[in-house]
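Trainee: For reference, the file my_file-v9.pdb (PDB, C-alpha atoms) is included below:
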ATOM      1  CA  MET A   3      77.537  86.904  88.816
ATOM      2  CA  ASN A   4      75.689  90.245  88.854
ATOM      3  CA  ARG A   5      75.573  92.185  92.077
ATOM      4  CA  ARG A   6      72.977  94.867  92.467
ATOM      5  CA  PHE A   7      73.937  98.315  93.654
ATOM      6  CA  SER A   8      71.991  98.209  96.927
ATOM      7  CA  TRP A   9      70.973 101.071  99.170
ATOM      8  CA  PHE A  10      73.590  99.937 101.675
ATOM      9  CA  ASN A  11      76.328 100.293  99.057
ATOM     10  CA  ALA A  12      75.013 103.688  97.991
ATOM     11  CA  THR A  13      74.854 104.913 101.590
ATOM     12  CA  SER A  14      78.348 103.628 102.367
ATOM     13  CA  LEU A  15      79.741 105.241  99.227
ATOM     14  CA  THR A  16      78.030 108.560  99.986
ATOM     15  CA  LEU A  17      79.254 108.629 103.587
ATOM     16  CA  GLY A  18      82.760 107.699 102.489
ATOM     17  CA  PHE A  19      82.979 110.475  99.912
ATOM     18  CA  ALA A  20      81.392 112.945 102.329
ATOM     19  CA  PHE A  21      83.977 112.084 104.982
ATOM     20  CA  LEU A  22      86.799 112.597 102.511
ATOM     21  CA  TYR A  23      85.667 115.617 100.516
ATOM     22  CA  LEU A  24      83.079 117.532 102.564
ATOM     23  CA  PRO A  25      85.743 119.279 104.699
ATOM     24  CA  MET A  26      87.458 120.434 101.492
ATOM     25  CA  VAL A  27      84.183 121.737 100.084
ATOM     26  CA  ILE A  28      83.495 123.675 103.295
ATOM     27  CA  LEU A  29      87.031 125.080 103.232
ATOM     28  CA  VAL A  30      86.597 126.266  99.633
ATOM     29  CA  ILE A  31      83.239 127.866 100.418
ATOM     30  CA  PHE A  32      84.564 129.764 103.429
ATOM     31  CA  SER A  33      87.563 131.005 101.471
ATOM     32  CA  PHE A  34      85.040 133.339  99.797
ATOM     33  CA  ASN A  35      83.637 134.498 103.120
ATOM     34  CA  ALA A  36      83.627 138.250 103.675
ATOM     35  CA  SER A  37      83.974 137.841 107.434
ATOM     36  CA  LYS A  38      87.315 137.424 109.146
ATOM     37  CA  LEU A  39      85.706 134.766 111.329
ATOM     38  CA  VAL A  40      86.051 131.542 109.394
ATOM     39  CA  THR A  41      82.979 129.960 110.993
ATOM     40  CA  VAL A  42      80.563 132.869 110.426
ATOM     41  CA  TRP A  43      79.269 133.499 106.918
ATOM     42  CA  ALA A  44      78.981 137.210 106.130
ATOM     43  CA  GLY A  45      78.586 137.238 102.381
ATOM     44  CA  PHE A  46      80.555 136.432  99.264
ATOM     45  CA  SER A  47      83.933 138.106  98.803
ATOM     46  CA  THR A  48      87.283 137.444  97.143
ATOM     47  CA  LYS A  49      89.229 139.932  99.228
ATOM     48  CA  TRP A  50      91.174 137.234 101.068
ATOM     49  CA  TYR A  51      92.762 136.130  97.804
ATOM     50  CA  GLY A  52      93.973 139.688  97.329
ATOM     51  CA  GLU A  53      95.239 139.751 100.915
ATOM     52  CA  LEU A  54      97.070 136.489 100.277
ATOM     53  CA  LEU A  55      98.827 137.916  97.206
ATOM     54  CA  HIS A  56     100.119 140.765  99.368
ATOM     55  CA  ASN A  57     101.222 138.522 102.231
ATOM     56  CA  GLN A  58     104.968 138.470 101.699
ATOM     57  CA  ALA A  59     105.577 135.822 104.368
ATOM     58  CA  PHE A  60     103.374 133.275 102.570
ATOM     59  CA  LEU A  61     104.847 134.187  99.175
ATOM     60  CA  ASP A  62     108.403 133.743 100.433
ATOM     61  CA  ALA A  63     107.508 130.411 102.040
ATOM     62  CA  ALA A  64     105.859 129.218  98.811
ATOM     63  CA  TRP A  65     108.936 130.169  96.780
ATOM     64  CA  VAL A  66     111.246 128.308  99.190
ATOM     65  CA  THR A  67     108.966 125.265  99.049
ATOM     66  CA  LEU A  68     108.966 125.181  95.244
ATOM     67  CA  LYS A  69     112.751 125.535  95.062
ATOM     68  CA  VAL A  70     113.267 122.771  97.589
ATOM     69  CA  ALA A  71     110.708 120.464  95.946
ATOM     70  CA  VAL A  72     112.133 120.833  92.427
ATOM     71  CA  ALA A  73     115.769 120.456  93.495
ATOM     72  CA  SER A  74     115.241 117.594  95.950
ATOM     73  CA  SER A  75     112.933 115.618  93.638
ATOM     74  CA  THR A  76     115.392 115.949  90.760
ATOM     75  CA  LEU A  77     118.319 114.783  92.894
ATOM     76  CA  ALA A  78     116.215 111.997  94.395
ATOM     77  CA  THR A  79     115.154 110.835  90.923
ATOM     78  CA  VAL A  80     118.747 110.655  89.660
ATOM     79  CA  LEU A  81     120.080 108.897  92.761
ATOM     80  CA  GLY A  82     117.019 106.665  93.158
ATOM     81  CA  THR A  83     117.177 105.531  89.531
ATOM     82  CA  MET A  84     120.875 104.716  89.882
ATOM     83  CA  ALA A  85     120.217 102.805  93.112
ATOM     84  CA  ALA A  86     117.334 100.872  91.534
ATOM     85  CA  TYR A  87     119.468  99.936  88.527
ATOM     86  CA  VAL A  88     122.238  98.645  90.802
ATOM     87  CA  LEU A  89     119.832  96.642  92.947
ATOM     88  CA  VAL A  90     118.091  95.024  89.977
ATOM     89  CA  ARG A  91     120.945  94.557  87.501
ATOM     90  CA  ALA A  92     124.124  94.222  89.581
ATOM     91  CA  GLY A  93     123.208  90.820  90.994
ATOM     92  CA  ARG A  94     124.882  89.638  94.167
ATOM     93  CA  PHE A  95     127.757  91.755  95.454
ATOM     94  CA  ALA A  96     129.475  92.365  98.772
ATOM     95  CA  GLY A  97     127.386  94.695 100.912
ATOM     96  CA  ARG A  98     124.204  94.326  98.858
ATOM     97  CA  THR A  99     122.063  93.649 101.941
ATOM     98  CA  LEU A 100     123.477  96.688 103.734
ATOM     99  CA  PHE A 101     123.063  98.832 100.621
ATOM    100  CA  SER A 102     119.430  97.844 100.068
ATOM    101  CA  GLY A 103     118.707  98.303 103.764
ATOM    102  CA  MET A 104     120.105 101.832 103.704
ATOM    103  CA  ILE A 105     118.096 102.648 100.574
ATOM    104  CA  TYR A 106     114.778 101.421 101.989
ATOM    105  CA  ALA A 107     115.293 102.496 105.622
ATOM    106  CA  PRO A 108     113.445 105.864 105.240
ATOM    107  CA  LEU A 109     110.335 103.942 104.160
ATOM    108  CA  VAL A 110     109.894 102.450 107.636
ATOM    109  CA  MET A 111     111.761 105.025 109.703
ATOM    110  CA  PRO A 112     109.599 107.563 111.577
ATOM    111  CA  GLU A 113     110.016 111.031 110.135
ATOM    112  CA  VAL A 114     110.939 112.395 113.549
ATOM    113  CA  ILE A 115     113.913 110.023 113.732
ATOM    114  CA  THR A 116     114.971 110.858 110.171
ATOM    115  CA  GLY A 117     114.715 114.588 110.826
ATOM    116  CA  LEU A 118     116.631 114.357 114.099
ATOM    117  CA  ALA A 119     119.361 112.260 112.476
ATOM    118  CA  MET A 120     119.737 114.792 109.662
ATOM    119  CA  LEU A 121     119.894 117.637 112.189
ATOM    120  CA  LEU A 122     122.661 115.933 114.177
ATOM    121  CA  LEU A 123     124.550 115.263 110.934
ATOM    122  CA  PHE A 124     124.362 118.900 109.840
ATOM    123  CA  ILE A 125     125.533 120.051 113.268
ATOM    124  CA  ALA A 126     128.397 117.532 113.256
ATOM    125  CA  VAL A 127     129.722 118.673 109.863
ATOM    126  CA  GLY A 128     129.165 122.345 110.668
ATOM    127  CA  LEU A 129     126.662 122.974 107.894
ATOM    128  CA  ASP A 130     124.416 125.961 108.508
ATOM    129  CA  ARG A 131     120.749 125.132 108.254
ATOM    130  CA  GLY A 132     118.884 126.650 105.355
ATOM    131  CA  VAL A 133     117.525 125.812 101.921
ATOM    132  CA  THR A 134     120.516 123.568 101.162
ATOM    133  CA  THR A 135     120.009 121.412 104.249
ATOM    134  CA  ILE A 136     116.292 121.037 103.510
ATOM    135  CA  ILE A 137     117.128 119.906  99.965
ATOM    136  CA  LEU A 138     119.623 117.345 101.280
ATOM    137  CA  ALA A 139     117.162 116.075 103.902
ATOM    138  CA  HIS A 140     114.287 115.779 101.415
ATOM    139  CA  THR A 141     116.542 114.062  98.880
ATOM    140  CA  THR A 142     117.498 111.471 101.488
ATOM    141  CA  PHE A 143     113.862 111.025 102.472
ATOM    142  CA  THR A 144     112.331 110.739  98.990
ATOM    143  CA  MET A 145     115.070 108.821  97.169
ATOM    144  CA  CYS A 146     113.808 105.499  98.536
ATOM    145  CA  TYR A 147     110.353 106.064  97.022
ATOM    146  CA  VAL A 148     111.866 106.729  93.604
ATOM    147  CA  SER A 149     113.989 103.607  93.957
ATOM    148  CA  VAL A 150     110.941 101.463  94.721
ATOM    149  CA  VAL A 151     108.966 102.794  91.735
ATOM    150  CA  VAL A 152     111.835 102.425  89.255
ATOM    151  CA  SER A 153     112.851  98.999  90.612
ATOM    152  CA  SER A 154     109.352  97.644  90.012
ATOM    153  CA  ARG A 155     109.647  98.676  86.356
ATOM    154  CA  LEU A 156     113.162  97.355  85.884
ATOM    155  CA  VAL A 157     112.176  93.944  87.264
ATOM    156  CA  THR A 158     109.728  93.450  84.376
ATOM    157  CA  PHE A 159     112.040  95.018  81.779
ATOM    158  CA  ASP A 160     113.082  92.770  78.891
ATOM    159  CA  LYS A 161     116.884  92.581  79.087
ATOM    160  CA  SER A 162     117.086  91.201  75.543
ATOM    161  CA  LEU A 163     116.499  94.738  74.253
ATOM    162  CA  GLU A 164     119.650  95.942  76.000
ATOM    163  CA  GLU A 165     121.561  92.899  74.787
ATOM    164  CA  ALA A 166     120.484  93.604  71.222
ATOM    165  CA  ALA A 167     121.737  97.177  71.525
ATOM    166  CA  LEU A 168     125.062  95.923  72.889
ATOM    167  CA  ASP A 169     125.346  93.454  69.994
ATOM    168  CA  LEU A 170     124.818  96.327  67.569
ATOM    169  CA  GLY A 171     127.825  98.179  68.991
ATOM    170  CA  CYS A 172     126.396 100.339  71.756
ATOM    171  CA  THR A 173     128.364 100.853  74.932
ATOM    172  CA  PRO A 174     126.565  99.987  78.193
ATOM    173  CA  PHE A 175     125.940 103.684  78.816
ATOM    174  CA  ASP A 176     124.598 104.245  75.298
ATOM    175  CA  ALA A 177     122.347 101.188  75.642
ATOM    176  CA  PHE A 178     120.973 102.540  78.901
ATOM    177  CA  ARG A 179     120.486 106.044  77.479
ATOM    178  CA  SER A 180     118.984 104.993  74.156
ATOM    179  CA  VAL A 181     117.016 101.867  75.078
ATOM    180  CA  THR A 182     116.472 101.409  78.799
ATOM    181  CA  LEU A 183     115.820 104.977  79.896
ATOM    182  CA  PRO A 184     113.106 105.757  77.301
ATOM    183  CA  ILE A 185     111.247 102.561  78.226
ATOM    184  CA  ILE A 186     111.383 103.144  81.992
ATOM    185  CA  ALA A 187     110.728 106.884  81.564
ATOM    186  CA  PRO A 188     107.106 106.644  82.837
ATOM    187  CA  ALA A 189     108.358 105.064  86.056
ATOM    188  CA  VAL A 190     111.090 107.697  86.386
ATOM    189  CA  ILE A 191     108.559 110.491  85.862
ATOM    190  CA  SER A 192     106.193 108.883  88.380
ATOM    191  CA  GLY A 193     109.037 108.708  90.885
ATOM    192  CA  TRP A 194     109.836 112.381  90.322
ATOM    193  CA  LEU A 195     106.210 113.388  90.813
ATOM    194  CA  LEU A 196     105.963 111.291  93.975
ATOM    195  CA  ALA A 197     109.167 112.823  95.362
ATOM    196  CA  PHE A 198     107.935 116.314  94.421
ATOM    197  CA  THR A 199     104.623 115.742  96.210
ATOM    198  CA  LEU A 200     106.290 114.347  99.335
ATOM    199  CA  SER A 201     108.650 117.319  99.466
ATOM    200  CA  LEU A 202     105.803 119.815  99.090
ATOM    201  CA  ASP A 203     103.838 118.117 101.844
ATOM    202  CA  ASP A 204     106.648 117.504 104.345
ATOM    203  CA  LEU A 205     106.543 119.311 107.669
ATOM    204  CA  VAL A 206     108.427 117.203 110.208
ATOM    205  CA  ILE A 207     111.765 116.723 108.434
ATOM    206  CA  ALA A 208     111.772 120.305 107.139
ATOM    207  CA  SER A 209     111.254 121.565 110.697
ATOM    208  CA  PHE A 210     114.509 119.888 111.771
ATOM    209  CA  ALA A 211     116.521 120.862 108.690
ATOM    210  CA  ALA A 212     115.279 124.434 108.172
ATOM    211  CA  GLY A 213     116.950 127.560 109.436
ATOM    212  CA  PRO A 214     115.522 130.922 110.506
ATOM    213  CA  SER A 215     115.408 132.252 106.931
ATOM    214  CA  SER A 216     114.201 129.093 105.189
ATOM    215  CA  THR A 217     110.605 128.527 106.234
ATOM    216  CA  THR A 218     108.628 126.233 103.954
ATOM    217  CA  LEU A 219     104.930 126.634 103.219
ATOM    218  CA  PRO A 220     103.767 123.693 105.411
ATOM    219  CA  MET A 221     105.817 125.130 108.292
ATOM    220  CA  LYS A 222     104.292 128.581 107.760
ATOM    221  CA  ILE A 223     100.753 127.193 107.601
ATOM    222  CA  PHE A 224     101.283 125.098 110.722
ATOM    223  CA  SER A 225     102.657 128.030 112.708
ATOM    224  CA  SER A 226      99.778 130.247 111.543
ATOM    225  CA  VAL A 227      97.093 127.660 112.361
ATOM    226  CA  ARG A 228      98.394 127.384 115.924
ATOM    227  CA  LEU A 229      97.312 131.015 116.391
ATOM    228  CA  GLY A 230      93.948 130.400 114.713
ATOM    229  CA  VAL A 231      92.740 129.634 111.203
ATOM    230  CA  SER A 232      92.647 132.777 109.098
ATOM    231  CA  PRO A 233      90.669 133.260 105.857
ATOM    232  CA  GLU A 234      93.985 133.674 104.030
ATOM    233  CA  ILE A 235      94.851 130.066 104.852
ATOM    234  CA  ASN A 236      91.484 129.000 103.436
ATOM    235  CA  ALA A 237      92.271 130.934 100.254
ATOM    236  CA  LEU A 238      95.731 129.381 100.031
ATOM    237  CA  SER A 239      94.309 125.892 100.540
ATOM    238  CA  THR A 240      91.692 126.521  97.855
ATOM    239  CA  ILE A 241      94.394 127.550  95.381
ATOM    240  CA  MET A 242      96.381 124.397  96.161
ATOM    241  CA  ILE A 243      93.281 122.202  95.767
ATOM    242  CA  SER A 244      92.524 123.884  92.428
ATOM    243  CA  ILE A 245      96.064 123.306  91.148
ATOM    244  CA  VAL A 246      95.949 119.642  92.145
ATOM    245  CA  THR A 247      92.504 119.192  90.587
ATOM    246  CA  VAL A 248      93.565 120.769  87.299
ATOM    247  CA  GLY A 249      96.717 118.640  87.281
ATOM    248  CA  VAL A 250      94.803 115.416  87.873
ATOM    249  CA  ILE A 251      92.192 116.200  85.218
ATOM    250  CA  THR A 252      94.855 117.220  82.691
ATOM    251  CA  THR A 253      96.864 114.060  83.344
ATOM    252  CA  SER A 254      93.756 111.914  83.007
ATOM    253  CA  LEU A 255      92.802 113.525  79.692
ATOM    254  CA  LEU A 256      96.331 113.159  78.318
ATOM    255  CA  SER A 257      96.431 109.512  79.393
ATOM    256  CA  LYS A 258      93.099 108.802  77.720
ATOM    257  CA  ARG A 259      94.270 110.548  74.563
ATOM    258  CA  ALA A 260      97.511 108.542  74.526
ATOM    259  CA  ILE A 261      95.618 105.265  75.021
ATOM    260  CA  ALA A 262      93.147 106.162  72.270
ATOM    261  CA  LYS A 263      96.008 107.061  69.918
ATOM    262  CA  GLN A 264      97.771 103.789  70.695
ATOM    263  CA  ARG A 265      94.620 101.789  69.992
ATOM    264  CA  ALA A 266      94.073 103.679  66.760
ATOM    265  CA  ASP A 267      97.650 102.963  65.668
ATOM    266  CA  GLU A 268      97.231  99.281  66.510
ATOM    267  CA  GLN A 269      93.995  99.069  64.526
ATOM    268  CA  ALA A 270      95.647 100.849  61.600
ATOM    269  CA  ALA A 271      98.542  98.383  61.726
ATOM    270  CA  VAL A 272      96.115  95.442  61.767
ATOM    271  CA  ARG A 273      94.228  96.829  58.772
ATOM    272  CA  ALA A 274      97.496  97.396  56.928
ATOM    273  CA  MET A 275      98.551  93.802  57.579
ATOM    274  CA  GLY A 276      95.153  92.575  56.370
ATOM    275  CA  THR A 277      95.504  94.383  53.090
TER
END
Please, can you express the file's structure as structure tokens?

Mentor:
Amino acid sequence: MNRRFSWFNATSLTLGFAFLYLPMVILVIFSFNASKLVTVWAGFSTKWYGELLHNQAFLDAAWVTLKVAVASSTLATVLGTMAAYVLVRAGRFAGRTLFSGMIYAPLVMPEVITGLAMLLLFIAVGLDRGVTTIILAHTTFTMCYVSVVVSSRLVTFDKSLEEAALDLGCTPFDAFRSVTLPIIAPAVISGWLLAFTLSLDDLVIASFAAGPSSTTLPMKIFSSVRLGVSPEINALSTIMISIVTVGVITTSLLSKRAIAKQRADEQAAVRAMGT
């Protein structure tokens, strides 16, 4: 059944995209504003990008954020993959319900509660707040997302491939490393990217776990916006939007190329079988 693209659908689609992306477009435009007043256009200028590059507070916060995001997402990916493998492959064992509940609790727990709990834990064990505590807090927060992504892939994984590797003399670890891990690698990479994005974007949990010398970029932006939006923040936001846009386009092109290569290989295999 064909459905025509009516004016109502076009209007709804236009309003929806305008609601989502028009604020970003305005932000990008005003990042090139010569005026210090972000709501008054005074001509085209790129001076705020130069000011941003000389703002040591923002640069330090960005460096802390990148370190935390890379370290916490890597730890969360390792621990989340291990937890997913246990949940899917270990079957029934004593404490499984408690274990799965502890893994998935951060998914439904308010971030304020998670951040406060981590703060009380760090105080109880006498751990000074800093980059290390933010990494631990973000690892705890993002590990559940990695576990969910990897678990969904392991559920549909063909166990006969592992069994064949075991029959050929592989140890369980070698079978996992040589057979299972390469097949679930896209899910593992997706989990890492999701954990990395959540760590970059987090404000609430980092506010509880951070110390005086470990301010992340979201914390710095939030504290600066409370005093008024500056053109430097517009420039910083534009750079972040550009990086995300380039990443999405690059990923899309690589995915299309991989799919096209796979189809070409399949067609070549079919032709070879026909001859």

Trainee: Which residues would end up in the selection if the PyMOL selection byres ((chain A and resi 48) around 8) were applied here, given that I need the answer as JSON, numbers by chain?

Mentor: {"A": [33, 34, 35, 36, 46, 47, 49, 50, 51, 52]}

Trainee: Care to translate the PyMOL selection byres ((chain A and resi 198-213) around 10) into actual residues of this file, as a ChimeraX atom specification?

Mentor: /A:64,67-76,78-79,112-122,124,130-141,143-144,147,192-197,214-224

Trainee: Counting all atoms listed in the file, figure out which residue out of A:Ala266, A:Val90, A:Leu229, A:Leu61 gets nearest to Lys161 in chain A.

Mentor: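 Distance minimum relative to Lys161 in chain A lands on A:Val90.
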
Trainee: Have a look at A:Leu163, A:Leu81, A:Val88, A:Ile125 and name the one nearest to Val148 in chain A; count all atoms listed in the file.

Mentor: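 Ranked by minimum distance to Val148 in chain A, first place goes to A:Leu81.
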
Trainee: Within 9 Å of (110.9, 100.8, 89.4) (coordinates as in the file), grab all the protein and nucleic acid residues, counting all atoms listed in the file, and write them out as a PDB file with C-alpha atoms, keeping the file's coordinate frame.

Mentor:
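Dumped everything to selection-v5.pdb:
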ATOM      1  CA  THR A  83     117.177 105.531  89.531  1.00  0.00           C
ATOM      2  CA  ALA A  86     117.334 100.872  91.534  1.00  0.00           C
ATOM      3  CA  TYR A  87     119.468  99.936  88.527  1.00  0.00           C
ATOM      4  CA  VAL A 148     111.866 106.729  93.604  1.00  0.00           C
ATOM      5  CA  SER A 149     113.989 103.607  93.957  1.00  0.00           C
ATOM      6  CA  VAL A 150     110.941 101.463  94.721  1.00  0.00           C
ATOM      7  CA  VAL A 151     108.966 102.794  91.735  1.00  0.00           C
ATOM      8  CA  VAL A 152     111.835 102.425  89.255  1.00  0.00           C
ATOM      9  CA  SER A 153     112.851  98.999  90.612  1.00  0.00           C
ATOM     10  CA  SER A 154     109.352  97.644  90.012  1.00  0.00           C
ATOM     11  CA  ARG A 155     109.647  98.676  86.356  1.00  0.00           C
ATOM     12  CA  LEU A 156     113.162  97.355  85.884  1.00  0.00           C
ATOM     13  CA  VAL A 157     112.176  93.944  87.264  1.00  0.00           C
ATOM     14  CA  THR A 158     109.728  93.450  84.376  1.00  0.00           C
ATOM     15  CA  ILE A 186     111.383 103.144  81.992  1.00  0.00           C
ATOM     16  CA  ALA A 189     108.358 105.064  86.056  1.00  0.00           C
ATOM     17  CA  VAL A 190     111.090 107.697  86.386  1.00  0.00           C
ATOM     18  CA  GLY A 193     109.037 108.708  90.885  1.00  0.00           C
TER      19      GLY A 193
END

Trainee: Carefully work through the PyMOL selection byres ((chain A and resi 102) around 12) for this structure and note down the residues it includes, as a PDB file with C-alpha atoms, keeping the file's coordinate frame.

Mentor:
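Full text of part_32.pdb as output:
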ATOM      1  CA  GLY A  82     117.019 106.665  93.158  1.00  0.00           C
ATOM      2  CA  ALA A  85     120.217 102.805  93.112  1.00  0.00           C
ATOM      3  CA  ALA A  86     117.334 100.872  91.534  1.00  0.00           C
ATOM      4  CA  TYR A  87     119.468  99.936  88.527  1.00  0.00           C
ATOM      5  CA  VAL A  88     122.238  98.645  90.802  1.00  0.00           C
ATOM      6  CA  LEU A  89     119.832  96.642  92.947  1.00  0.00           C
ATOM      7  CA  VAL A  90     118.091  95.024  89.977  1.00  0.00           C
ATOM      8  CA  ARG A  94     124.882  89.638  94.167  1.00  0.00           C
ATOM      9  CA  PHE A  95     127.757  91.755  95.454  1.00  0.00           C
ATOM     10  CA  ALA A  96     129.475  92.365  98.772  1.00  0.00           C
ATOM     11  CA  GLY A  97     127.386  94.695 100.912  1.00  0.00           C
ATOM     12  CA  ARG A  98     124.204  94.326  98.858  1.00  0.00           C
ATOM     13  CA  THR A  99     122.063  93.649 101.941  1.00  0.00           C
ATOM     14  CA  LEU A 100     123.477  96.688 103.734  1.00  0.00           C
ATOM     15  CA  PHE A 101     123.063  98.832 100.621  1.00  0.00           C
ATOM     16  CA  GLY A 103     118.707  98.303 103.764  1.00  0.00           C
ATOM     17  CA  MET A 104     120.105 101.832 103.704  1.00  0.00           C
ATOM     18  CA  ILE A 105     118.096 102.648 100.574  1.00  0.00           C
ATOM     19  CA  TYR A 106     114.778 101.421 101.989  1.00  0.00           C
ATOM     20  CA  ALA A 107     115.293 102.496 105.622  1.00  0.00           C
ATOM     21  CA  PRO A 108     113.445 105.864 105.240  1.00  0.00           C
ATOM     22  CA  LEU A 109     110.335 103.942 104.160  1.00  0.00           C
ATOM     23  CA  CYS A 146     113.808 105.499  98.536  1.00  0.00           C
ATOM     24  CA  SER A 149     113.989 103.607  93.957  1.00  0.00           C
ATOM     25  CA  VAL A 150     110.941 101.463  94.721  1.00  0.00           C
ATOM     26  CA  SER A 153     112.851  98.999  90.612  1.00  0.00           C
TER      27      SER A 153
END

Trainee: Of the residues A:Val127, A:Leu29, A:Ala270, A:Leu255, which is the one nearest to Thr240 in chain A, using only C-alpha atoms?

Mentor: A:Leu29
